[in-house]
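J.: One file: my_file33.tsv (TSV, C-alpha atoms).
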chain	number	residue	atom	x	y	z
A	1	LEU	CA	-9.21	-40.83	-15.92
A	2	PHE	CA	-7.80	-37.56	-14.64
A	3	PRO	CA	-9.64	-35.09	-12.35
A	4	PRO	CA	-10.59	-31.77	-14.01
A	5	PRO	CA	-8.10	-28.94	-13.55
A	6	SER	CA	-8.77	-26.69	-10.58
A	7	VAL	CA	-10.13	-23.26	-11.50
A	8	ASN	CA	-10.49	-21.84	-7.98
A	9	MET	CA	-6.94	-20.56	-7.79
A	10	GLY	CA	-5.87	-17.89	-5.33
A	11	ARG	CA	-4.65	-14.56	-6.62
A	12	ARG	CA	-0.97	-14.32	-7.42
A	13	PRO	CA	0.69	-12.06	-4.80
A	14	ALA	CA	1.30	-8.43	-5.75
A	15	ARG	CA	5.06	-8.83	-5.26
A	16	CYS	CA	5.09	-10.69	-8.59
A	17	TYR	CA	3.93	-7.52	-10.36
A	18	ARG	CA	5.59	-4.83	-8.28
A	19	TYR	CA	8.22	-3.55	-10.69
A	20	CYS	CA	7.81	-1.76	-14.04
A	21	LYS	CA	9.65	-4.26	-16.21
A	22	ASN	CA	7.88	-4.14	-19.57
A	23	LYS	CA	6.25	-1.61	-21.84
A	24	PRO	CA	2.78	-0.31	-20.95
A	25	PHE	CA	0.15	-2.84	-22.03
A	26	ILE	CA	-3.34	-1.32	-22.01
A	27	LYS	CA	-6.81	-2.55	-22.80
A	28	SER	CA	-7.53	-2.30	-26.53
A	29	ARG	CA	-9.21	-4.15	-29.37
A	30	TYR	CA	-6.15	-6.43	-29.42
A	31	CYS	CA	-6.15	-6.99	-25.64
A	32	ARG	CA	-9.63	-8.21	-24.76
A	33	GLY	CA	-11.14	-9.94	-21.77
A	34	VAL	CA	-9.52	-7.58	-19.27
A	35	PRO	CA	-11.10	-7.76	-15.78
A	36	GLU	CA	-12.61	-4.56	-14.45
A	37	SER	CA	-10.55	-2.36	-12.16
A	38	LYS	CA	-11.37	-2.75	-8.46
A	39	ILE	CA	-11.29	1.02	-7.90
A	40	ARG	CA	-14.22	2.83	-9.51
A	41	ILE	CA	-14.47	5.98	-7.33
A	42	TYR	CA	-11.63	8.50	-7.48
A	43	ASP	CA	-13.21	11.51	-5.70
A	44	ASN	CA	-14.65	11.02	-2.22
A	45	ALA	CA	-16.55	13.00	0.43
A	46	ALA	CA	-17.13	16.75	-0.22
A	47	LYS	CA	-15.92	16.72	-3.82
A	48	ARG	CA	-18.19	19.62	-4.83
A	49	GLU	CA	-17.01	21.95	-2.06
A	50	PRO	CA	-15.73	25.23	-3.57
A	51	VAL	CA	-12.05	26.00	-3.67
A	52	GLU	CA	-12.06	28.60	-0.87
A	53	SER	CA	-13.53	26.13	1.65
A	54	PHE	CA	-10.51	23.80	1.88
A	55	PRO	CA	-7.17	25.66	1.89
A	56	TYR	CA	-5.11	22.85	3.43
A	57	VAL	CA	-3.84	20.02	1.21
A	58	CYS	CA	-1.63	17.00	1.86
A	59	HIS	CA	-0.19	14.55	-0.67
A	60	LEU	CA	0.95	10.93	-0.60
A	61	VAL	CA	3.99	10.69	-2.90
A	62	SER	CA	5.62	7.53	-4.23
A	63	ASP	CA	9.35	7.23	-3.56
A	64	GLU	CA	9.84	4.31	-5.97
A	65	ARG	CA	9.21	3.46	-9.59
A	66	GLU	CA	6.72	0.64	-9.28
A	67	GLN	CA	3.26	-0.67	-10.11
A	68	LEU	CA	0.30	-0.18	-7.76
A	69	SER	CA	-2.56	-2.62	-8.23
A	70	SER	CA	-6.16	-1.47	-8.45
A	71	GLU	CA	-6.86	-3.57	-5.34
A	72	ALA	CA	-4.22	-1.65	-3.38
A	73	LEU	CA	-5.58	1.70	-4.59
A	74	GLU	CA	-9.10	0.73	-3.53
A	75	ALA	CA	-7.87	-0.47	-0.12
A	76	ALA	CA	-5.98	2.80	0.43
A	77	ARG	CA	-9.01	4.85	-0.61
A	78	VAL	CA	-11.27	2.99	1.81
A	79	ALA	CA	-8.75	3.27	4.67
A	80	ALA	CA	-8.18	7.02	4.22
A	81	ASN	CA	-11.87	7.77	3.68
A	82	LYS	CA	-12.94	5.78	6.73
A	83	THR	CA	-10.29	7.37	8.96
A	84	MET	CA	-11.17	10.91	7.91
A	85	THR	CA	-14.91	10.25	8.30
A	86	LYS	CA	-14.35	8.88	11.81
A	87	LEU	CA	-11.98	11.63	12.99
A	88	SER	CA	-13.82	14.58	11.38
A	89	SER	CA	-16.95	14.14	9.28
A	90	LYS	CA	-17.82	13.13	5.75
A	91	ASP	CA	-18.29	16.78	4.70
A	92	ALA	CA	-15.00	18.08	6.13
A	93	PHE	CA	-12.59	16.90	3.44
A	94	HIS	CA	-12.12	15.97	-0.20
A	95	LEU	CA	-10.06	12.87	-1.06
A	96	ARG	CA	-8.82	12.36	-4.61
A	97	ILE	CA	-6.94	9.38	-6.06
A	98	ARG	CA	-4.43	10.84	-8.52
A	99	VAL	CA	-3.36	7.73	-10.45
A	100	HIS	CA	-5.43	5.44	-12.66
A	101	PRO	CA	-4.75	1.73	-13.30
A	102	PHE	CA	-4.44	1.40	-17.08
A	103	HIS	CA	-1.65	-1.17	-17.38
A	104	VAL	CA	-2.84	-4.79	-17.80
A	105	ASN	CA	-0.95	-7.60	-16.06
A	106	ARG	CA	-0.83	-11.08	-17.59
A	107	ILE	CA	-0.60	-14.55	-16.09
A	108	ASN	CA	0.49	-17.78	-17.76
A	109	LYS	CA	-1.60	-20.19	-15.72
A	110	MET	CA	-0.07	-23.52	-14.86
A	111	LEU	CA	-2.20	-26.49	-13.87
A	112	SER	CA	-1.33	-28.16	-10.59
A	113	CYS	CA	-3.65	-31.16	-10.60
A	114	ALA	CA	-2.74	-34.81	-11.13
A	115	GLY	CA	-1.69	-35.52	-14.69
A	116	ALA	CA	-1.21	-31.86	-15.49
A	117	ASP	CA	2.07	-32.59	-17.21
A	118	ARG	CA	0.12	-34.31	-19.99
A	119	LEU	CA	-2.15	-31.29	-20.52
A	120	GLN	CA	0.17	-28.29	-20.44
A	121	THR	CA	3.09	-27.43	-22.64
A	122	GLY	CA	5.47	-25.55	-20.33
A	123	MET	CA	6.90	-22.40	-21.91
A	124	ARG	CA	5.42	-23.06	-25.34
A	125	GLY	CA	2.95	-20.28	-26.13
A	126	ALA	CA	3.72	-18.55	-22.82
A	127	PHE	CA	2.02	-15.20	-23.59
A	128	GLY	CA	-0.39	-15.00	-20.65
A	129	LYS	CA	-4.03	-14.04	-20.26
A	130	PRO	CA	-5.10	-10.71	-18.69
A	131	PHE	CA	-5.03	-10.99	-14.92
A	132	GLY	CA	-5.55	-7.53	-13.41
A	133	LYS	CA	-4.90	-3.82	-13.79
A	134	VAL	CA	-2.19	-1.69	-12.19
A	135	ALA	CA	-1.09	1.94	-12.19
A	136	ARG	CA	2.53	2.64	-13.13
A	137	VAL	CA	4.00	5.35	-10.89
A	138	SER	CA	7.40	7.03	-10.92
A	139	ILE	CA	9.53	8.58	-8.19
A	140	GLY	CA	7.96	11.79	-6.91
A	141	GLN	CA	4.52	11.11	-8.42
A	142	ILE	CA	1.47	11.97	-6.31
A	143	VAL	CA	-0.68	8.92	-5.56
A	144	LEU	CA	-3.49	10.56	-3.59
A	145	SER	CA	-4.33	14.01	-2.20
A	146	VAL	CA	-6.63	15.24	0.57
A	147	ARG	CA	-7.80	18.82	0.96
A	148	ALA	CA	-9.54	20.06	4.12
A	149	LYS	CA	-9.69	22.92	6.59
A	150	ASP	CA	-6.57	23.85	8.54
A	151	THR	CA	-8.12	22.60	11.80
A	152	PHE	CA	-8.06	19.00	10.51
A	153	GLU	CA	-4.36	18.94	9.62
A	154	SER	CA	-3.41	16.19	12.07
A	155	HIS	CA	-6.39	14.04	11.00
A	156	VAL	CA	-5.45	14.30	7.33
A	157	VAL	CA	-1.86	13.25	8.00
A	158	GLU	CA	-3.07	10.29	10.08
A	159	ALA	CA	-5.51	9.18	7.37
A	160	ILE	CA	-2.80	9.28	4.69
A	161	ARG	CA	-0.37	7.48	7.01
A	162	ARG	CA	-2.84	4.60	7.34
A	163	ALA	CA	-3.25	4.52	3.56
A	164	THR	CA	0.51	4.02	3.10
A	165	PHE	CA	0.25	0.54	4.65
A	166	LYS	CA	-1.78	-0.64	1.64
A	167	PHE	CA	1.06	-0.01	-0.81
A	168	PRO	CA	4.40	-1.73	-1.40
A	169	GLY	CA	7.57	0.30	-1.42
A	170	ARG	CA	8.46	3.61	0.19
A	171	MET	CA	5.88	6.37	0.38
A	172	LYS	CA	6.28	9.93	1.65
A	173	ILE	CA	3.72	12.37	3.03
A	174	PHE	CA	4.05	16.00	1.92
A	175	VAL	CA	2.13	18.96	3.32
A	176	SER	CA	1.72	21.39	0.45
A	177	LYS	CA	2.20	25.16	0.70
A	178	LYS	CA	-0.37	25.71	-2.03
A	179	TRP	CA	-4.05	26.51	-1.66
A	180	GLY	CA	-6.12	23.34	-2.05
A	181	PHE	CA	-5.82	21.66	-5.43
A	182	THR	CA	-4.77	24.89	-7.17
A	183	ASP	CA	-1.26	25.66	-8.44
A	184	LEU	CA	-1.09	28.90	-6.42
A	185	PHE	CA	0.74	29.41	-3.16
A	186	ARG	CA	-1.43	30.60	-0.28
A	187	GLU	CA	-0.13	34.18	-0.23
A	188	GLU	CA	-0.53	34.47	-4.00
A	189	TYR	CA	-4.06	33.04	-3.89
A	190	LEU	CA	-5.17	35.53	-1.22
A	191	ARG	CA	-3.51	38.46	-3.03
A	192	LEU	CA	-5.09	37.63	-6.39
A	193	LYS	CA	-8.44	37.05	-4.68
A	194	ALA	CA	-8.29	40.49	-3.04
A	195	GLU	CA	-7.33	42.12	-6.36
A	196	GLY	CA	-10.22	40.44	-8.16
A	197	ARG	CA	-7.86	38.67	-10.56
A	198	LEU	CA	-8.98	35.16	-9.65
A	199	LYS	CA	-11.87	33.15	-11.00
A	200	ASP	CA	-13.00	30.15	-8.99
A	201	GLN	CA	-13.74	27.08	-11.11
A	202	GLY	CA	-15.11	24.45	-8.78
A	203	VAL	CA	-12.23	22.83	-6.88
A	204	HIS	CA	-9.69	24.85	-8.90
A	205	ALA	CA	-9.03	28.55	-9.48
A	206	LYS	CA	-8.05	30.30	-12.70
A	207	ARG	CA	-5.79	33.35	-12.81
A	208	LEU	CA	-7.31	36.10	-14.99
A	209	ARG	CA	-4.67	37.31	-17.43
A	210	GLU	CA	-4.18	40.95	-18.37
A	211	HIS	CA	-4.24	40.12	-22.09
A	212	GLY	CA	-7.37	39.61	-24.12
A	213	PRO	CA	-10.29	41.54	-25.65
A	214	LEU	CA	-10.54	45.28	-25.02
A	215	PHE	CA	-14.31	45.46	-24.37
A	216	LYS	CA	-13.68	45.16	-20.62
A	217	ASP	CA	-11.78	48.48	-20.57
A	218	VAL	CA	-14.10	50.44	-22.86
A	219	VAL	CA	-16.27	52.93	-20.97
Written as structure tokens, that's how I'd like the structure from this file.
T.:
Amino acid sequence: LFPPPSVNMGRRPARCYRYCKNKPFIKSRYCRGVPESKIRIYDNAAKREPVESFPYVCHLVSDEREQLSSEALEAARVAANKTMTKLSSKDAFHLRIRVHPFHVNRINKMLSCAGADRLQTGMRGAFGKPFGKVARVSIGQIVLSVRAKDTFESHVVEAIRRATFKFPGRMKIFVSKKWGFTDLFREEYLRLKAEGRLKDQGVHAKRLREHGPLFKDVV
């Protein structure tokens, strides 16, 4: 009769899923059978290094509203991590992926074997099966960040530049004026640190407010 339909299909190219066209469609009890995301590690290298060790930080920022596949995020992570490890060392930086692929893409598979026109029904029942996961990013959203010492500034920019080649669309590299992953500018961080009004919390720092309980001021 007819040969069995081929199941060893190649992946559909990412250009088919580049734009944010529909509502977010996430994994749930109604959307089952979703393949696992290709990226499983979001913090790389010296992720436990305290906040004062790495003052320099550089960001990769999306310049388009688009969808980034989990495969592209994993490829960019590997490229940036390998470049930084080669140019500096594995303990000289902290790489963090800032977006997570939650949106589920679908595919309405069409058979391409002989006699397929007898088996498939065209656009009848065209709601597809889960195919992969992507992250939806907007203009100006940070995709990944690297913090390091000031001496490795050129290496960080080169590592992020190589990561841009893994993504579709326009990407921009921004060198931040803030201290590491904190929300404080460098001068403000150093001033608050000298005044004792800063509490380090791992890779972040918390500003101690002047409000609160009075037991600290009681002699």
J.: Between A:His59, A:Lys90, A:Lys23, A:Arg96, which residue has the minimum interatomic distance to Glu158 of chain A, considering all atoms listed in the file?
T.: A:His59
J.: Quote the spacing between atom CA of Val134 of chain A and atom CA of Ala76 of chain A in Å to one decimal place.
T.: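 Separation between atom CA of Val134 of chain A and atom CA of Ala76 of chain A: 13.9 Å.
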J.: Write out as a PyMOL selection string each polymer residue whose atoms come within 9 Å of segment 49-55 of chain A, counting only C-alpha atoms; drop sequence neighbours fewer than 6 positions from it.
T.: chain A and resi 91-94+147-150+178-182+186+200-205
J.: What does the structure give for the distance between atom CA of Gln67 of chain A and atom CA of Cys20 of chain A, in Å to one decimal?
T.: 6.1 Å
J.: Restricting the calculation to all atoms listed in the file: of A:Lys206, A:Arg197, A:Arg40, A:Arg29, which residue gets closest to Ala75 of chain A?
T.: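 Among the listed residues, A:Arg40 lies closest to Ala75 of chain A.
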J.: May I ask for the distance between atom CA of Ser69 of chain A and atom CA of Ile39 of chain A, given in Å to one decimal place?
T.: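 A separation of 9.5 Å between them.
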J.: Smallest atom-to-atom distance to Ala80 of chain A: which of A:Pro13, A:Ala135, A:Val157, A:Glu64, using all atoms listed in the file?
T.: A:Val157
J.: Measuring between all atoms listed in the file, which one of A:Arg98, A:Met84, A:Leu184, A:Lys21 shows the shortest distance to Gln141 of chain A?
T.: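 Using all atoms listed in the file, the shortest distance to Gln141 of chain A belongs to A:Arg98.
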J.: Name all residues at most 10 Å from segment 162-165 of chain A (count all atoms listed in the file; drop same-chain ones fewer than 2 positions away) and give them as a ChimeraX atom specification.
T.: /A:60-62,72-81,83,144,157-160,167-173
J.: Just to be explicit: take each residue in the selection above, keep C-alpha atoms, and write the result as a PDB file, in the frame of the given file.
T.:
ATOM      1  CA  LEU A  60       0.950  10.930  -0.600  1.00  0.00           C
ATOM      2  CA  VAL A  61       3.990  10.690  -2.900  1.00  0.00           C
ATOM      3  CA  SER A  62       5.620   7.530  -4.230  1.00  0.00           C
ATOM      4  CA  ALA A  72      -4.220  -1.650  -3.380  1.00  0.00           C
ATOM      5  CA  LEU A  73      -5.580   1.700  -4.590  1.00  0.00           C
ATOM      6  CA  GLU A  74      -9.100   0.730  -3.530  1.00  0.00           C
ATOM      7  CA  ALA A  75      -7.870  -0.470  -0.120  1.00  0.00           C
ATOM      8  CA  ALA A  76      -5.980   2.800   0.430  1.00  0.00           C
ATOM      9  CA  ARG A  77      -9.010   4.850  -0.610  1.00  0.00           C
ATOM     10  CA  VAL A  78     -11.270   2.990   1.810  1.00  0.00           C
ATOM     11  CA  ALA A  79      -8.750   3.270   4.670  1.00  0.00           C
ATOM     12  CA  ALA A  80      -8.180   7.020   4.220  1.00  0.00           C
ATOM     13  CA  ASN A  81     -11.870   7.770   3.680  1.00  0.00           C
ATOM     14  CA  THR A  83     -10.290   7.370   8.960  1.00  0.00           C
ATOM     15  CA  LEU A 144      -3.490  10.560  -3.590  1.00  0.00           C
ATOM     16  CA  VAL A 157      -1.860  13.250   8.000  1.00  0.00           C
ATOM     17  CA  GLU A 158      -3.070  10.290  10.080  1.00  0.00           C
ATOM     18  CA  ALA A 159      -5.510   9.180   7.370  1.00  0.00           C
ATOM     19  CA  ILE A 160      -2.800   9.280   4.690  1.00  0.00           C
ATOM     20  CA  PHE A 167       1.060  -0.010  -0.810  1.00  0.00           C
ATOM     21  CA  PRO A 168       4.400  -1.730  -1.400  1.00  0.00           C
ATOM     22  CA  GLY A 169       7.570   0.300  -1.420  1.00  0.00           C
ATOM     23  CA  ARG A 170       8.460   3.610   0.190  1.00  0.00           C
ATOM     24  CA  MET A 171       5.880   6.370   0.380  1.00  0.00           C
ATOM     25  CA  LYS A 172       6.280   9.930   1.650  1.00  0.00           C
ATOM     26  CA  ILE A 173       3.720  12.370   3.030  1.00  0.00           C
TER      27      ILE A 173
END
J.: Here is a test: counting all atoms listed in the file, which residue of A:Tyr56, A:Phe25, A:Ser88, A:Gly196 is nearest to Lys177 of chain A?
T.: A:Tyr56
J.: For Glu195 of chain A, which of A:Lys38, A:Arg207, A:Arg124, A:Lys109 is the closest residue, counting only C-alpha atoms?
T.: A:Arg207
J.: Give the padded box for segment 162-174 of chain A as JSON: axis-aligned, covering all atoms listed in the file, 5 Å on each side, centre and edge lengths in Å to one decimal.
T.:
{"center_x": 2.6, "center_y": 7.1, "center_z": 3.0, "size_x": 21.7, "size_y": 27.7, "size_z": 18.8}
J.: Give as a PDB file with C-alpha atoms, keeping the file's coordinate frame every residue, naming chains and numbers as the document does, that has an atom within 9 Å of (-4.7, -10.7, -12.1), counting all atoms listed in the file.
T.:
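Output saved as out.pdb:
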ATOM      1  CA  ARG A  11      -4.650 -14.560  -6.620  1.00  0.00           C
ATOM      2  CA  ARG A  12      -0.970 -14.320  -7.420  1.00  0.00           C
ATOM      3  CA  PRO A  35     -11.100  -7.760 -15.780  1.00  0.00           C
ATOM      4  CA  VAL A 104      -2.840  -4.790 -17.800  1.00  0.00           C
ATOM      5  CA  ASN A 105      -0.950  -7.600 -16.060  1.00  0.00           C
ATOM      6  CA  ARG A 106      -0.830 -11.080 -17.590  1.00  0.00           C
ATOM      7  CA  ILE A 107      -0.600 -14.550 -16.090  1.00  0.00           C
ATOM      8  CA  LYS A 129      -4.030 -14.040 -20.260  1.00  0.00           C
ATOM      9  CA  PRO A 130      -5.100 -10.710 -18.690  1.00  0.00           C
ATOM     10  CA  PHE A 131      -5.030 -10.990 -14.920  1.00  0.00           C
ATOM     11  CA  GLY A 132      -5.550  -7.530 -13.410  1.00  0.00           C
ATOM     12  CA  LYS A 133      -4.900  -3.820 -13.790  1.00  0.00           C
TER      13      LYS A 133
END
